[in-house]
Each structure stands twice: as structure tokens, then as C-alpha cells.
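J.: Below is the structure I would like to discuss, written out as C-alpha cells.
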Amino acid sequence: MAADLRDRIADGRWPPGHVLTYADIQQLYGTSRETVAAALTRLRDAGLVETRRMGTRPKDAGKGWRVATGTSIQDEITTHVRGQVERGVYGPGDRIPSLATLAAEHSVSVATVRRSLSPLLDEGVLIARRPRGTFVANERTDGPAGAG
């Protein structure tokens, strides 16, 4: 598995900056978490990948993980989406990008994006309408999440 992951990095199928979680790699290879851990340890020892709580990604020369700024990546995503709503990029009733799309844009897991959107849902800025997606609330008719 480590050799195949190394090949994926070399040929660009696993590009620099693209985050994969243990679960992603387990699903890709149909193997145990321990096997994934052993393969990633080999790649880390070779200096090919770096791992943080959000997952593992190939190293990108000259670019490291985000430097701690006093705010979490979740807060940064929350602020980003809130700003897009406030600037009118997404208006009332508009569907925002999917969790997977936002995760890819920010190089984080879908779970991180879900947690990032939670305050906006709680405040009524966004409304989740399963299975259709997440939408900007229409202040005239929509209330906080769960109120309608």
C-alpha cells in the first residue's frame, strides 16, 4: 500500500495539499486502520506526507500546514461562509456548496465543515434541508434551524 500511495503522489493522483483521512485510505484499499497507519508512517519517514488531526496530505514544497493564527480552521470556515452570505455571494434561498466541495476547497474533512456550519445553522443564517443541501435562510420566512 505504501508503494502505491508513493506512486499516486509521484504521478499526481494524490496531489500536494489534497487531504485524505484514514477512513478515505481504508476505503480505497479495503484494509484496516493499522495497515493504513503503517503505510503512512513509512511515507512520513520518507518525507513524502504530513499528517494533522484533519488527515494526511502529500507535502508541497515550500508550503506547510496553516500556521496557528489564534483561530481554528473551523472558525475560519465559519467566517468565510458568513462573509459570503453578508457580501451577497449567496442570497436568501441560495444553496451553498456541498460539504464535500467546501471540504476540498479548505483541505479539511467533511466533518470539520459540518462543525463549521453548525453555528450558522444555530443562528438561522443557514438552513439544512435534507437531502437537498444547505441553503441561506430567507429572513422573511425561515427561522433558526429546526424551526420550520
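Ligands are numbered from 1 in the order shown, chains are lettered A, B, ... in the order of the C-alpha cells, and residues start at 1 in each chain.
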Mind checking which residues fall within 10 Å of A:Pro15, counting only C-alpha atoms, ignoring those fewer than 5 positions away in the same chain, and posting them as a ChimeraX atom specification?

T.: /A:8-10,57-60

J.: Would you kindly return, as a PyMOL selection string, each protein, DNA or RNA residue with an atom no farther than 9 Å from any atom of stretch 88-98 of chain A, considering only C-alpha atoms and excluding same-chain residues fewer than 5 positions away?

T.: chain A and resi 81+83+103+126+132-139

J.: Restricting the output to N, CA and C atoms, write the selected residues as a PDB file, in the first residue's frame.

T.:
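result_1.pdb, freshly written:
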```pdb
ATOM      1  N   VAL A  81     -17.810  31.513   5.166  1.00  0.00           N
ATOM      2  CA  VAL A  81     -19.177  31.319   4.662  1.00  0.00           C
ATOM      3  C   VAL A  81     -20.067  32.481   5.088  1.00  0.00           C
ATOM      4  N   GLY A  83     -19.173  35.528   5.628  1.00  0.00           N
ATOM      5  CA  GLY A  83     -18.795  36.665   4.800  1.00  0.00           C
ATOM      6  C   GLY A  83     -19.404  36.582   3.409  1.00  0.00           C
ATOM      7  N   ALA A 103     -15.143  21.140   1.858  1.00  0.00           N
ATOM      8  CA  ALA A 103     -14.015  20.410   2.451  1.00  0.00           C
ATOM      9  C   ALA A 103     -12.818  20.420   1.508  1.00  0.00           C
ATOM     10  N   LEU A 126     -28.152  29.887   8.008  1.00  0.00           N
ATOM     11  CA  LEU A 126     -28.302  28.798   7.044  1.00  0.00           C
ATOM     12  C   LEU A 126     -29.384  27.841   7.511  1.00  0.00           C
ATOM     13  N   ARG A 132     -31.567  17.757   0.167  1.00  0.00           N
ATOM     14  CA  ARG A 132     -31.287  18.731  -0.885  1.00  0.00           C
ATOM     15  C   ARG A 132     -30.021  19.540  -0.664  1.00  0.00           C
ATOM     16  N   GLY A 133     -29.663  19.829   0.578  1.00  0.00           N
ATOM     17  CA  GLY A 133     -28.454  20.600   0.827  1.00  0.00           C
ATOM     18  C   GLY A 133     -28.657  21.652   1.898  1.00  0.00           C
ATOM     19  N   THR A 134     -27.733  22.606   1.923  1.00  0.00           N
ATOM     20  CA  THR A 134     -27.765  23.696   2.900  1.00  0.00           C
ATOM     21  C   THR A 134     -27.999  24.991   2.140  1.00  0.00           C
ATOM     22  N   PHE A 135     -28.931  25.796   2.658  1.00  0.00           N
ATOM     23  CA  PHE A 135     -29.370  26.999   1.979  1.00  0.00           C
ATOM     24  C   PHE A 135     -29.258  28.211   2.884  1.00  0.00           C
ATOM     25  N   VAL A 136     -29.127  29.382   2.265  1.00  0.00           N
ATOM     26  CA  VAL A 136     -29.162  30.632   3.014  1.00  0.00           C
ATOM     27  C   VAL A 136     -30.615  30.859   3.412  1.00  0.00           C
ATOM     28  N   ALA A 137     -30.803  31.194   4.679  1.00  0.00           N
ATOM     29  CA  ALA A 137     -32.160  31.413   5.178  1.00  0.00           C
ATOM     30  C   ALA A 137     -32.774  32.640   4.521  1.00  0.00           C
ATOM     31  N   ASN A 138     -34.065  32.556   4.315  1.00  0.00           N
ATOM     32  CA  ASN A 138     -34.835  33.702   3.846  1.00  0.00           C
ATOM     33  C   ASN A 138     -35.404  34.330   5.102  1.00  0.00           C
ATOM     34  N   GLU A 139     -34.864  35.456   5.510  1.00  0.00           N
ATOM     35  CA  GLU A 139     -35.215  36.066   6.799  1.00  0.00           C
ATOM     36  C   GLU A 139     -36.696  36.318   6.961  1.00  0.00           C
TER      37      GLU A 139
END
```

J.: Step one, run DSSP on the backbone; step two, keep only residues of chain A assigned to strand (DSSP E); then write them as a list of chain:residue names.

T.: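 DSSP on the backbone gives strand (DSSP E) at A:Val49, A:Glu50, A:Thr51, A:Arg52, A:Gly55, A:Thr56, A:Arg57, A:Pro58, A:Leu126, A:Ile127, A:Ala128, A:Arg129, A:Gly133, A:Thr134, A:Phe135, A:Val136.
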
J.: Could you check which of A:Ser72, A:Ser109, A:Thr78, A:Thr31 is closest to A:Asp122, using only C-alpha atoms?

T.: A:Thr78
